[in-house]
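See structure below.
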Amino acid sequence: MNEQMTLNFTEKEQQPVPESQPVSLRLISFDLRADFGFFRKPDVNDGLQLSYNMLHKPALLGILGAIAGLKGYAQKGQWPEYYKLLKDVPVGIEPLKPYHEKGNFTKTALTYTNTVGYANADGNLIVHENTLRRPAYRVYVLLNKADELQNRLLTRIRNQEAEFVPYLGKNEFTAWWENVAEYDVDQSMPQEKFELKTLFDKRKTIVTKSIDDGYDRFDLFDFSEPKGSYIYFERLPVSFDEQLFQYELIDFAYTDYPLKAPTQLGGLYRLNTSNEYVQLI
């Protein structure tokens, strides 16, 4: 794909970085949107194709690669340039309100008919896709300005510029971004209950043993908070198994309940001086 795109929005005033922080690291966020999205699940492929509900890290790396101008898939059995160069960049993903309902985006069934002869020797190929409508996510990316590629990516995100057109899963689902913001790098652990803005990796949660029934259960959420109303779960790709060339899946959760402190949840970053946190993976 060689189409170029330049988006120009007003850049937000940047926050100063305290001298005590690593000045080469910048935590940046932007709101990523599209009219439609489709993040194909590889386990269903018999005329019906399903989409993950949430944007996941491998798909986000493809979008960052398009912004930076990195090459995509070129040859079977070889990893694309963007994945090799960006796979270790920490990212966090937050579904944006009011576009989702308790973590779920509206979906619609689209039907495609391919009448080209070589597509299906037995007749027309009909595919049904469960497509996301108006998906929107706030993306957090921790970039190192000392790295030439990551610094170029940081600059292009700030300026709303992209080398190639980004899209949400399919090239007809063109994506755009806005509301760029930057934060001081701060990994201080919360001392009181706190709001976690992003999806989080369930493997890093505190688990306790119930005296009553002996089963392990989460001791993470503060259910006394009246504004909390849901916990959303989804098993999502986080990387690739580089031997098998397939997704590595882990369980994620997302909630509007505050989380308890102290916590052993890893990869937490505090957003400036607020009591809001993100988890980067």
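Ordering of the structure tokens sets the chain letters (A, B, ...), residue numbers begin anew at 1 in every chain, and ligands are numbered from 1 in the order given.
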Exercise. As a PyMOL selection string, which residues of range 68-261 of chain A does DSSP assign to strand (DSSP E or B)?
Worked result: chain A and resi 91-95+100-101+104-105+107-114+125-133+136-144+161-162+167+174-183+194-196+200-201+207-209+216-218+221+231-241+246-255+259
For this session: Considering only C-alpha atoms, return as JSON, numbers by chain whatever protein or nucleic-acid residues lie within 8 Å of range 77-93 of chain A, sequence-local ones (same chain, fewer than 4 positions apart) excluded.
Result: {"A": [55, 56, 57, 58, 61, 62, 64, 65, 70, 71, 72, 73, 137, 138, 139, 140, 141, 142, 143, 198, 199, 239, 245, 278, 279, 280, 281]}
Problem set entry | Near-Tyr52 in chain A list (12 Å; only C-alpha atoms; drop same-chain fewer than 5 positions) as a list of chain:residue names | A:Gly37, A:Phe38, A:Phe39, A:Arg40, A:Lys41, A:Pro42, A:Asp43, A:Val44, A:Lys57, A:Ala59, A:Gly103, A:Asn104, A:Phe105, A:Thr106, A:Lys107, A:Glu129, A:Asn130, A:Thr131, A:Leu132, A:Pro135, A:Leu168, A:Gly169, A:Phe233, A:Glu234, A:Arg235, A:Leu236, A:Pro237, A:Leu249
Problem set entry | Within 10 Å of Phe173 in chain A using only C-alpha atoms, minus same-chain residues under 5 positions, as a ChimeraX atom specification | /A:33-38,165-168
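Across the model, the gap from CA of Tyr277 in chain A to CA of Leu25 in chain A is 17.0 Å.
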Exercise. For Asn179 in chain A, which of A:Glu192, A:Glu163, A:Glu242, A:Asp31 is the closest residue, counting only C-alpha atoms?
Worked result: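 Of all the options, A:Asp31 lies closest to Asn179 in chain A.
Among the residues of range 150-269 of chain A, backbone DSSP assigns alpha helix (DSSP H) to Gln150, Asn151, Arg152, Leu153, Leu154, Thr155, Arg156, Ile157, Arg158 and Asn159 of chain A.
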Given the selection you just returned, output its residues as a file containing N, CA and C atoms, formatted as a JSON list (two decimals), in the first residue's frame.
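For reference, again.json as written:
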```
[["chain", "number", "residue", "atom", "x", "y", "z"],
["A", 150, "GLN", "N", 11.14, 5.40, 16.97],
["A", 150, "GLN", "CA", 10.10, 5.78, 17.91],
["A", 150, "GLN", "C", 9.94, 7.28, 18.00],
["A", 151, "ASN", "N", 11.02, 8.03, 17.85],
["A", 151, "ASN", "CA", 10.92, 9.49, 17.85],
["A", 151, "ASN", "C", 10.17, 9.97, 16.61],
["A", 152, "ARG", "N", 10.40, 9.33, 15.46],
["A", 152, "ARG", "CA", 9.64, 9.68, 14.25],
["A", 152, "ARG", "C", 8.17, 9.38, 14.43],
["A", 153, "LEU", "N", 7.87, 8.24, 15.05],
["A", 153, "LEU", "CA", 6.47, 7.88, 15.31],
["A", 153, "LEU", "C", 5.83, 8.88, 16.26],
["A", 154, "LEU", "N", 6.56, 9.29, 17.30],
["A", 154, "LEU", "CA", 6.05, 10.28, 18.25],
["A", 154, "LEU", "C", 5.71, 11.58, 17.55],
["A", 155, "THR", "N", 6.60, 12.04, 16.68],
["A", 155, "THR", "CA", 6.38, 13.30, 15.96],
["A", 155, "THR", "C", 5.17, 13.21, 15.04],
["A", 156, "ARG", "N", 5.02, 12.10, 14.37],
["A", 156, "ARG", "CA", 3.90, 11.96, 13.43],
["A", 156, "ARG", "C", 2.57, 11.85, 14.17],
["A", 157, "ILE", "N", 2.56, 11.18, 15.30],
["A", 157, "ILE", "CA", 1.32, 11.13, 16.09],
["A", 157, "ILE", "C", 0.95, 12.52, 16.55],
["A", 158, "ARG", "N", 1.92, 13.28, 17.04],
["A", 158, "ARG", "CA", 1.66, 14.66, 17.48],
["A", 158, "ARG", "C", 1.07, 15.51, 16.36],
["A", 159, "ASN", "N", 1.59, 15.35, 15.15],
["A", 159, "ASN", "CA", 1.20, 16.20, 14.02],
["A", 159, "ASN", "C", 0.04, 15.62, 13.21]]
```
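Shortest atom-to-atom contact with His128 in chain A among A:Ser51, A:Ser188, A:Gln75, A:Ser24: A:Ser51, counting only C-alpha atoms.
The spacing separating CA of Ile126 in chain A from CA of Gly47 in chain A amounts to 6.6 Å.
Reported to one decimal place, the separation of CA of Leu265 in chain A from CA of Asp201 in chain A is 8.4 Å.
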For this session: Within 10 Å of Ser224 in chain A, counting only C-alpha atoms, which residues show up once you throw out same-chain ones fewer than 3 positions away? Write them as a PyMOL selection string, please.
Result: chain A and resi 221+227-228+257-258
Dump of C-alpha atoms for the selected residues, as a short mmCIF file (atom, residue, chain, number, x, y, z; two decimals), in the first residue's frame:
```cif
data_model
loop_
_atom_site.label_atom_id
_atom_site.label_comp_id
_atom_site.auth_asym_id
_atom_site.auth_seq_id
_atom_site.Cartn_x
_atom_site.Cartn_y
_atom_site.Cartn_z
CA PHE A 221 -12.38 -4.57 42.63
CA LYS A 227 -20.98 4.27 40.25
CA GLY A 228 -19.51 0.91 39.22
CA TYR A 257 -15.37 -0.18 39.26
CA PRO A 258 -12.41 1.36 41.08
#
```
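Distance check against Val238 in chain A using only C-alpha atoms: of A:Ile28, A:Leu50, A:Ala146, A:Leu60, the minimum falls on A:Leu60.
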